[in-house]
>>> print(open('target33.txt').read())   # compact mmCIF, C-alpha atoms
# COMPACT_ATOMS: atom_id res chain seq x y z
CA MET T 1 -14.00 11.62 20.37
CA ALA T 2 -15.85 11.43 17.09
CA TYR T 3 -14.12 12.71 14.00
CA SER T 4 -16.05 14.57 11.33
CA GLU T 5 -16.74 12.80 8.04
CA LYS T 6 -14.23 15.00 6.24
CA VAL T 7 -11.49 14.16 8.74
CA LEU T 8 -12.25 10.46 8.38
CA ASP T 9 -12.18 10.73 4.60
CA HIS T 10 -8.71 12.33 4.61
CA TYR T 11 -7.52 9.98 7.33
CA GLU T 12 -8.62 6.86 5.47
CA ASN T 13 -7.66 8.13 2.01
CA PRO T 14 -4.90 10.64 2.58
CA ARG T 15 -4.04 12.70 -0.51
CA ASN T 16 -0.48 13.25 -1.69
CA VAL T 17 1.37 11.21 0.90
CA GLY T 18 5.05 10.90 0.18
CA SER T 19 8.24 12.80 -0.37
CA LEU T 20 9.82 15.01 -3.01
CA ASP T 21 13.57 15.30 -3.48
CA LYS T 22 14.60 17.83 -0.86
CA ASN T 23 17.83 18.58 -2.74
CA ASP T 24 15.92 19.70 -5.85
CA PRO T 25 16.20 23.52 -5.88
CA SER T 26 12.53 23.86 -6.86
CA VAL T 27 11.40 21.77 -3.86
CA ALA T 28 10.67 23.53 -0.57
CA THR T 29 10.45 21.57 2.68
CA GLY T 30 8.55 22.66 5.77
CA MET T 31 9.12 20.72 8.98
CA VAL T 32 7.03 21.46 12.05
CA GLY T 33 6.27 19.71 15.30
CA ALA T 34 3.95 20.05 18.28
CA PRO T 35 5.64 19.20 21.58
CA ALA T 36 2.28 18.93 23.35
CA CYS T 37 1.30 15.83 21.40
CA GLY T 38 4.59 14.86 19.76
CA ASP T 39 3.18 15.25 16.26
CA VAL T 40 5.67 15.70 13.44
CA MET T 41 4.65 17.08 10.04
CA LYS T 42 6.62 17.42 6.82
CA LEU T 43 5.17 19.37 3.91
CA GLN T 44 6.99 19.60 0.60
CA LEU T 45 6.10 21.89 -2.29
CA LYS T 46 7.41 21.83 -5.85
CA ILE T 47 7.42 25.42 -7.03
CA SER T 48 7.76 26.56 -10.64
CA ALA T 49 10.02 29.41 -11.75
CA GLU T 50 6.87 31.58 -11.85
CA GLY T 51 6.22 30.87 -8.17
CA ILE T 52 3.30 28.50 -8.74
CA ILE T 53 2.98 25.37 -6.60
CA GLU T 54 2.96 22.46 -9.06
CA ASP T 55 3.04 19.59 -6.62
CA ALA T 56 2.69 19.00 -2.90
CA LYS T 57 3.44 15.98 -0.71
CA PHE T 58 3.19 15.41 3.00
CA LYS T 59 4.21 12.98 5.67
CA THR T 60 2.69 13.32 9.11
CA TYR T 61 3.05 11.30 12.27
CA GLY T 62 0.18 12.34 14.44
CA CYS T 63 -3.51 12.00 15.18
CA GLY T 64 -6.29 11.82 12.57
CA SER T 65 -6.84 15.58 12.68
CA ALA T 66 -3.17 16.31 12.03
CA ILE T 67 -3.12 13.90 9.09
CA ALA T 68 -6.36 15.31 7.69
CA SER T 69 -5.12 18.91 8.08
CA SER T 70 -1.92 18.21 6.17
CA SER T 71 -3.70 16.13 3.51
CA LEU T 72 -6.22 18.93 2.94
CA VAL T 73 -3.46 21.53 2.71
CA THR T 74 -1.68 19.59 -0.08
CA GLU T 75 -4.94 19.65 -2.08
CA TRP T 76 -5.49 23.34 -1.45
CA VAL T 77 -2.02 24.63 -2.30
CA LYS T 78 -1.65 22.92 -5.67
CA GLY T 79 -1.96 25.48 -8.48
CA LYS T 80 -1.71 28.39 -6.07
CA SER T 81 1.05 31.00 -6.02
CA ILE T 82 3.25 30.98 -2.92
CA ASP T 83 1.59 34.20 -1.76
CA GLU T 84 -1.87 32.66 -2.07
CA ALA T 85 -0.70 29.53 -0.25
CA GLY T 86 0.90 31.65 2.47
CA ALA T 87 -2.46 33.34 3.03
CA ILE T 88 -4.19 30.07 4.02
CA LYS T 89 -5.32 30.42 7.62
CA ASN T 90 -5.62 27.69 10.20
CA THR T 91 -9.22 28.79 10.73
CA ASP T 92 -9.99 27.91 7.09
CA ILE T 93 -8.59 24.41 7.66
CA ALA T 94 -10.38 23.96 10.99
CA GLU T 95 -13.65 25.11 9.47
CA GLU T 96 -13.39 22.88 6.40
CA LEU T 97 -12.66 19.81 8.56
CA ALA T 98 -15.05 20.81 11.37
CA LEU T 99 -12.28 20.35 13.94
CA PRO T 100 -13.33 20.51 17.60
CA PRO T 101 -11.58 23.13 19.81
CA VAL T 102 -9.10 20.58 21.26
CA LYS T 103 -7.86 19.81 17.73
CA ILE T 104 -7.40 23.39 16.53
CA HIS T 105 -3.64 23.07 17.13
CA CYS T 106 -3.53 20.46 14.33
CA SER T 107 -4.74 23.10 11.86
CA ILE T 108 -2.22 25.60 13.28
CA LEU T 109 0.51 23.03 12.67
CA ALA T 110 -0.58 22.67 9.03
CA GLU T 111 -0.61 26.46 8.53
CA ASP T 112 2.84 26.70 10.10
CA ALA T 113 4.05 23.89 7.79
CA ILE T 114 3.07 25.96 4.72
CA LYS T 115 4.85 28.99 6.17
CA ALA T 116 7.96 26.93 6.98
CA ALA T 117 8.03 25.52 3.44
CA ILE T 118 7.73 28.99 1.90
CA GLU T 119 10.48 30.21 4.20
CA ASP T 120 12.67 27.32 3.06
CA TYR T 121 11.92 28.17 -0.58
CA LYS T 122 12.93 31.79 -0.08
CA THR T 123 16.16 30.75 1.64
CA LYS T 124 16.93 28.35 -1.21
CA GLN T 125 16.20 30.99 -3.86
CA GLY T 126 18.28 33.58 -2.06
CA LYS T 127 21.33 31.38 -2.27
CA MET H 1 3.19 26.70 49.48
CA ASN H 2 4.75 25.12 46.42
CA TYR H 3 4.67 21.41 45.58
CA PHE H 4 8.09 20.73 47.11
CA GLN H 5 7.18 22.45 50.39
CA GLN H 6 3.93 20.53 50.44
CA PHE H 7 5.90 17.27 50.63
CA GLY H 8 8.65 18.72 52.82
CA ILE H 9 11.38 18.06 50.29
CA GLU H 10 14.07 20.31 48.91
CA ALA H 11 13.16 22.15 45.71
CA SER H 12 15.53 20.59 43.21
CA PHE H 13 15.43 18.53 40.05
CA ASP H 14 17.08 15.56 41.78
CA ILE H 15 14.59 14.35 44.32
CA ASP H 16 14.35 11.26 46.47
CA LEU H 17 11.40 9.45 44.93
CA GLN H 18 11.00 7.18 47.95
CA GLN H 19 10.78 10.16 50.26
CA LEU H 20 8.26 11.76 47.91
CA SER H 21 6.15 8.61 47.85
CA SER H 22 6.13 8.11 51.63
CA SER H 23 5.35 11.78 52.22
CA TYR H 24 2.54 11.48 49.67
CA GLN H 25 1.03 8.52 51.49
CA THR H 26 1.18 10.29 54.86
CA LEU H 27 -0.52 13.36 53.42
CA GLN H 28 -3.21 11.33 51.67
CA LYS H 29 -3.97 9.48 54.92
CA SER H 30 -4.52 12.81 56.68
CA VAL H 31 -7.31 13.71 54.26
CA HIS H 32 -8.75 10.22 53.76
CA PRO H 33 -12.58 10.23 53.54
CA ASP H 34 -12.82 7.73 56.45
CA LYS H 35 -11.42 10.40 58.74
CA PHE H 36 -14.15 12.78 57.69
CA ALA H 37 -17.05 10.36 57.81
CA HIS H 38 -18.65 12.26 60.69
CA ALA H 39 -17.40 15.71 59.71
CA SER H 40 -19.57 18.47 58.29
CA GLU H 41 -20.36 18.47 54.60
CA GLN H 42 -18.08 21.45 54.13
CA ASP H 43 -15.12 19.75 55.84
CA GLN H 44 -15.70 16.66 53.73
CA ARG H 45 -15.64 18.74 50.59
CA ILE H 46 -12.44 20.51 51.64
CA ALA H 47 -10.80 17.14 52.36
CA VAL H 48 -11.70 15.89 48.89
CA GLN H 49 -10.24 19.04 47.34
CA LYS H 50 -7.05 18.72 49.37
CA SER H 51 -6.71 15.12 48.33
CA ALA H 52 -7.00 16.13 44.67
CA HIS H 53 -4.36 18.85 45.13
CA ILE H 54 -1.97 16.45 46.84
CA ASN H 55 -2.47 14.03 43.98
CA ASP H 56 -1.76 16.70 41.32
CA ALA H 57 1.40 17.75 43.15
CA TYR H 58 2.54 14.14 43.46
CA GLN H 59 1.95 13.29 39.80
CA THR H 60 3.85 16.44 38.78
CA LEU H 61 6.91 15.84 40.94
CA LYS H 62 7.07 12.11 40.24
CA ASN H 63 7.45 12.55 36.46
CA PRO H 64 10.84 14.06 35.52
CA LEU H 65 9.53 16.06 32.54
CA LEU H 66 6.58 17.47 34.49
CA ARG H 67 8.91 18.19 37.42
CA ALA H 68 11.31 20.08 35.13
CA GLU H 69 8.42 22.06 33.66
CA TYR H 70 7.13 22.89 37.14
CA ILE H 71 10.55 24.05 38.37
CA LEU H 72 11.03 26.27 35.31
CA LYS H 73 7.55 27.75 35.68
CA GLU H 74 8.15 28.42 39.39
CA ARG H 75 11.31 30.30 38.40
CA GLY H 76 9.18 32.50 36.19
CA VAL H 77 10.87 31.27 33.02
CA ASP H 78 8.94 32.37 29.97
CA MET H 79 7.80 29.01 28.61
CA PRO H 80 6.58 28.79 25.05
CA ASN H 81 2.95 27.75 24.90
CA GLU H 82 2.47 23.97 24.79
CA GLN H 83 0.61 24.31 21.51
CA HIS H 84 3.23 26.57 20.02
CA THR H 85 4.75 25.03 16.90
CA PHE H 86 8.29 23.75 17.18
CA GLY H 87 10.41 24.60 14.15
CA ASP H 88 13.87 23.10 14.71
CA THR H 89 14.18 21.52 11.26
CA SER H 90 17.14 19.21 11.80
CA PHE H 91 15.72 17.93 15.09
CA LEU H 92 12.34 17.29 13.44
CA MET H 93 13.95 15.59 10.42
CA HIS H 94 15.63 13.24 12.88
CA GLN H 95 12.31 12.66 14.67
CA MET H 96 10.81 11.73 11.30
CA GLU H 97 13.61 9.16 10.85
CA LEU H 98 12.98 7.71 14.30
CA ARG H 99 9.27 7.42 13.51
CA GLU H 100 10.17 5.65 10.27
CA MET H 101 12.49 3.34 12.19
CA LEU H 102 9.59 2.47 14.48
CA GLU H 103 7.27 1.96 11.53
CA ASP H 104 9.72 -0.44 9.83
CA ILE H 105 10.05 -2.72 12.86
CA LYS H 106 7.01 -4.80 11.95
CA HIS H 107 8.53 -5.56 8.52
CA ALA H 108 11.93 -6.48 9.95
CA SER H 109 13.24 -10.03 9.44
CA ASP H 110 14.19 -10.14 13.12
CA ILE H 111 11.54 -8.17 14.95
CA ASP H 112 13.00 -8.65 18.44
CA GLN H 113 16.36 -7.40 17.29
CA ALA H 114 14.80 -4.38 15.53
CA LEU H 115 12.80 -3.54 18.66
CA LEU H 116 15.86 -3.73 20.87
CA GLU H 117 17.84 -1.56 18.50
CA ALA H 118 15.10 1.10 18.39
CA GLN H 119 14.82 1.04 22.19
CA ARG H 120 18.57 1.46 22.49
CA VAL H 121 18.58 4.47 20.15
CA PHE H 122 15.55 6.12 21.81
CA SER H 123 16.81 5.69 25.33
CA SER H 124 20.37 6.81 24.65
CA GLU H 125 19.16 9.96 22.89
CA TYR H 126 16.59 10.58 25.64
CA LEU H 127 19.28 10.17 28.28
CA GLU H 128 21.61 12.59 26.54
CA LEU H 129 18.91 15.28 26.29
CA SER H 130 17.66 14.75 29.83
CA GLN H 131 21.18 14.97 31.28
CA ALA H 132 21.71 18.22 29.39
CA MET H 133 18.39 19.55 30.71
CA ARG H 134 19.23 18.50 34.28
CA ALA H 135 22.57 20.35 34.14
CA GLU H 136 20.86 23.44 32.72
CA ILE H 137 18.21 23.41 35.45
CA ILE H 138 20.89 23.11 38.12
CA GLU H 139 22.93 25.92 36.56
CA ASN H 140 19.87 28.20 36.84
CA THR H 141 20.87 31.20 34.75
CA GLU H 142 18.65 32.97 32.26
CA ALA H 143 20.44 31.31 29.34
CA SER H 144 20.53 27.86 30.92
CA ASN H 145 16.85 27.99 31.90
CA SER H 146 15.93 28.90 28.36
CA ALA H 147 18.10 26.07 27.02
CA ALA H 148 16.40 23.72 29.50
CA CYS H 149 12.98 24.75 28.09
CA ASP H 150 14.21 23.92 24.62
CA ASN H 151 15.45 20.50 25.68
CA LEU H 152 12.25 19.86 27.60
CA ARG H 153 10.28 20.41 24.41
CA LYS H 154 12.56 18.02 22.56
CA LEU H 155 12.18 15.40 25.29
CA LYS H 156 8.43 15.47 24.82
CA PHE H 157 8.89 14.10 21.31
CA TYR H 158 10.82 11.18 22.82
CA GLN H 159 8.06 10.67 25.35
CA LYS H 160 5.68 10.34 22.41
CA LEU H 161 8.06 7.91 20.68
CA ASN H 162 8.00 5.74 23.79
CA VAL H 163 4.20 5.75 23.85
CA GLU H 164 4.22 4.67 20.19
CA MET H 165 6.81 2.01 20.99
CA GLU H 166 4.60 0.55 23.73
CA ARG H 167 1.63 0.59 21.39
CA LEU H 168 3.66 -1.26 18.76
CA GLU H 169 4.83 -3.88 21.27
CA GLU H 170 1.24 -4.49 22.33
CA SER H 171 0.13 -4.94 18.73
CA LEU H 172 3.06 -7.24 17.93
CA PHE H 173 2.80 -9.53 20.92
CA ASP H 174 -0.93 -9.44 21.55
CA ASP H 175 -1.77 -12.40 19.39
>>> encode(input="target33.txt", output="structure tokens")
Amino acid sequence: MAYSEKVLDHYENPRNVGSLDKNDPSVATGMVGAPACGDVMKLQLKISAEGIIEDAKFKTYGCGSAIASSSLVTEWVKGKSIDEAGAIKNTDIAEELALPPVKIHCSILAEDAIKAAIEDYKTKQGK
Amino acid sequence: MNYFQQFGIEASFDIDLQQLSSSYQTLQKSVHPDKFAHASEQDQRIAVQKSAHINDAYQTLKNPLLRAEYILKERGVDMPNEQHTFGDTSFLMHQMELREMLEDIKHASDIDQALLEAQRVFSSEYLELSQAMRAEIIENTEASNSAACDNLRKLKFYQKLNVEMERLEESLFDD
């Protein structure tokens, strides 16, 4: 299956690969997985006291579309408030990367990773 | 007729694979194209369809994870969609570590040793989960069936790890 140019670009030059300190109270971690393909995705956000995402890192084990979806998301969320980031839809990701129907679940995984990270942040803040 | 009835074997998670295989061969012979060489076009088409169905049933029952999934579906257990995101954080963190372990093998000073160690870890964890799933399927209560679904989803990540392991071995020993 042919990947779109944008997928290839993110796949070959992934943005913001890496990890942030998960014990830092301002760092939120979202872990999601897709049993169907065994993909595992970790998205970490560094969030300021004002609720603005200052940094984002990801690590994904999966196909090119899953890597591209998470790479794109790290670019998109930086500078956004957590509410704005939480409003990112998988359809936006799929459209930007021109994902074929069989790869839509990769964009869903990336959306769920943002949601899981925000959830983790709220849990951490609530403590 | 369900897949088990089709092969004349008892509907259970523990099946006799040899019996399945011999029953499969007998069934496939009965619909072999040679037998229908002089049959009408319609009968030929039906035979081809039957052969495909027998093959699907065989592939499903032969593989333990597909067999488990089939049994749970037949029981009407509400299975989460295949594409549905899995969010068990500690399990996924551990999967990440296992992926990293796999990734580090090619940089290991003793590659054979690192491969063996990874295989040992993967297979012992797979075994533990699959034994838990087997017991839950046999127990067959609402709670145990739901727990079996959960373990089945976890096992699929190990299936993927094994695929990646094979790919790594091919790349390491190909040249």
>>> closest_residue(input="target33.txt", among="H:Lys73, H:His84, H:His38, H:His53", to="Cys106 of chain T", atoms="all atoms listed in the file")
H:His84
>>> atom_distance(input="target33.txt", atom1="atom CA of Ala117 of chain T", atom2="atom CA of Lys89 of chain T")
14.8 Å
>>> closest_atom_pairs(input="target33.txt", of="chain T", to="chain H", cutoff="8 Å", atoms="only C-alpha atoms", output="JSON lines")
{"residue": "T:Gly30", "atom": "CA", "partner": "H:Thr89", "partner_atom": "CA", "distance": 7.9}
{"residue": "T:Met31", "atom": "CA", "partner": "H:Thr89", "partner_atom": "CA", "distance": 5.6}
{"residue": "T:Val32", "atom": "CA", "partner": "H:Gly87", "partner_atom": "CA", "distance": 5.1}
{"residue": "T:Gly33", "atom": "CA", "partner": "H:Phe86", "partner_atom": "CA", "distance": 4.9}
{"residue": "T:Ala34", "atom": "CA", "partner": "H:Thr85", "partner_atom": "CA", "distance": 5.2}
{"residue": "T:Pro35", "atom": "CA", "partner": "H:Arg153", "partner_atom": "CA", "distance": 5.6}
{"residue": "T:Ala36", "atom": "CA", "partner": "H:Glu82", "partner_atom": "CA", "distance": 5.2}
{"residue": "T:Cys37", "atom": "CA", "partner": "H:Lys160", "partner_atom": "CA", "distance": 7.1}
{"residue": "T:Gly38", "atom": "CA", "partner": "H:Phe157", "partner_atom": "CA", "distance": 4.6}
{"residue": "T:Asp39", "atom": "CA", "partner": "H:Phe157", "partner_atom": "CA", "distance": 7.7}
{"residue": "T:Val40", "atom": "CA", "partner": "H:Met96", "partner_atom": "CA", "distance": 6.8}
{"residue": "T:Tyr61", "atom": "CA", "partner": "H:Arg99", "partner_atom": "CA", "distance": 7.4}
{"residue": "T:His105", "atom": "CA", "partner": "H:Gln83", "partner_atom": "CA", "distance": 6.2}
{"residue": "T:Ile108", "atom": "CA", "partner": "H:Thr85", "partner_atom": "CA", "distance": 7.9}
{"residue": "T:Leu109", "atom": "CA", "partner": "H:Thr85", "partner_atom": "CA", "distance": 6.3}
{"residue": "T:Asp112", "atom": "CA", "partner": "H:Thr85", "partner_atom": "CA", "distance": 7.3}
{"residue": "T:Ala116", "atom": "CA", "partner": "H:Gly87", "partner_atom": "CA", "distance": 7.9}
>>> residues_near_point(input="target33.txt", point="(-8.0, 23.4, 16.4)", cutoff="9 Å", atoms="all atoms listed in the file", output="list of chain:residue names")
T:Ser65, T:Asn90, T:Thr91, T:Ile93, T:Ala94, T:Leu99, T:Pro100, T:Pro101, T:Val102, T:Lys103, T:Ile104, T:His105, T:Cys106, T:Ser107, T:Ile108
>>> closest_residue(input="target33.txt", among="T:Ile88, T:Ala68, T:Leu45, T:Ala98", to="Ile118 of chain T", atoms="all atoms listed in the file")
T:Leu45
>>> residues_around(input="target33.txt", residues="segment 54-62 of chain H", least_positions_apart="2", cutoff="12 Å", atoms="all atoms listed in the file", output="PyMOL selection string")
chain H and resi 1-7+9-32+47-52+64-71
>>> decode(input="target33.txt", residues="segment 99-148 of chain H", atoms="C-alpha atoms", output="PDB file, in the first residue's frame")
ATOM      1  CA  ARG H  99       9.473  -3.540  22.441  1.00  0.00           C
ATOM      2  CA  GLU H 100      12.553  -1.688  23.693  1.00  0.00           C
ATOM      3  CA  MET H 101      14.081  -4.981  24.771  1.00  0.00           C
ATOM      4  CA  LEU H 102      13.544  -6.291  21.248  1.00  0.00           C
ATOM      5  CA  GLU H 103      14.981  -3.133  19.740  1.00  0.00           C
ATOM      6  CA  ASP H 104      18.145  -3.373  21.870  1.00  0.00           C
ATOM      7  CA  ILE H 105      18.948  -6.935  20.812  1.00  0.00           C
ATOM      8  CA  LYS H 106      20.832  -5.864  17.697  1.00  0.00           C
ATOM      9  CA  HIS H 107      23.158  -3.699  19.824  1.00  0.00           C
ATOM     10  CA  ALA H 108      23.782  -6.429  22.391  1.00  0.00           C
ATOM     11  CA  SER H 109      27.335  -7.732  22.862  1.00  0.00           C
ATOM     12  CA  ASP H 110      25.987 -11.287  22.753  1.00  0.00           C
ATOM     13  CA  ILE H 111      23.129 -11.246  20.288  1.00  0.00           C
ATOM     14  CA  ASP H 112      22.255 -14.941  20.614  1.00  0.00           C
ATOM     15  CA  GLN H 113      22.019 -14.636  24.365  1.00  0.00           C
ATOM     16  CA  ALA H 114      19.875 -11.477  24.122  1.00  0.00           C
ATOM     17  CA  LEU H 115      17.550 -13.204  21.641  1.00  0.00           C
ATOM     18  CA  LEU H 116      17.143 -16.230  23.876  1.00  0.00           C
ATOM     19  CA  GLU H 117      16.445 -14.060  26.880  1.00  0.00           C
ATOM     20  CA  ALA H 118      13.771 -12.060  25.015  1.00  0.00           C
ATOM     21  CA  GLN H 119      12.178 -15.280  23.741  1.00  0.00           C
ATOM     22  CA  ARG H 120      12.134 -16.667  27.266  1.00  0.00           C
ATOM     23  CA  VAL H 121      10.423 -13.546  28.634  1.00  0.00           C
ATOM     24  CA  PHE H 122       7.872 -13.344  25.793  1.00  0.00           C
ATOM     25  CA  SER H 123       6.917 -16.986  25.936  1.00  0.00           C
ATOM     26  CA  SER H 124       6.624 -17.204  29.711  1.00  0.00           C
ATOM     27  CA  GLU H 125       4.396 -14.120  29.823  1.00  0.00           C
ATOM     28  CA  TYR H 126       2.367 -15.400  26.862  1.00  0.00           C
ATOM     29  CA  LEU H 127       1.935 -18.751  28.577  1.00  0.00           C
ATOM     30  CA  GLU H 128       0.789 -17.159  31.804  1.00  0.00           C
ATOM     31  CA  LEU H 129      -1.843 -15.043  30.027  1.00  0.00           C
ATOM     32  CA  SER H 130      -3.031 -17.874  27.800  1.00  0.00           C
ATOM     33  CA  GLN H 131      -3.418 -20.245  30.752  1.00  0.00           C
ATOM     34  CA  ALA H 132      -5.466 -17.607  32.554  1.00  0.00           C
ATOM     35  CA  MET H 133      -7.616 -17.134  29.446  1.00  0.00           C
ATOM     36  CA  ARG H 134      -8.096 -20.896  29.027  1.00  0.00           C
ATOM     37  CA  ALA H 135      -9.285 -21.242  32.643  1.00  0.00           C
ATOM     38  CA  GLU H 136     -11.663 -18.306  32.187  1.00  0.00           C
ATOM     39  CA  ILE H 137     -13.116 -19.777  28.997  1.00  0.00           C
ATOM     40  CA  ILE H 138     -13.664 -23.111  30.718  1.00  0.00           C
ATOM     41  CA  GLU H 139     -15.276 -21.432  33.732  1.00  0.00           C
ATOM     42  CA  ASN H 140     -17.802 -19.800  31.370  1.00  0.00           C
ATOM     43  CA  THR H 141     -19.488 -17.236  33.601  1.00  0.00           C
ATOM     44  CA  GLU H 142     -20.289 -13.676  32.621  1.00  0.00           C
ATOM     45  CA  ALA H 143     -17.346 -12.365  34.651  1.00  0.00           C
ATOM     46  CA  SER H 144     -14.904 -15.019  33.459  1.00  0.00           C
ATOM     47  CA  ASN H 145     -15.884 -14.559  29.801  1.00  0.00           C
ATOM     48  CA  SER H 146     -15.307 -10.847  30.100  1.00  0.00           C
ATOM     49  CA  ALA H 147     -11.941 -11.461  31.767  1.00  0.00           C
ATOM     50  CA  ALA H 148     -11.087 -13.883  28.945  1.00  0.00           C
TER      51      ALA H 148
END
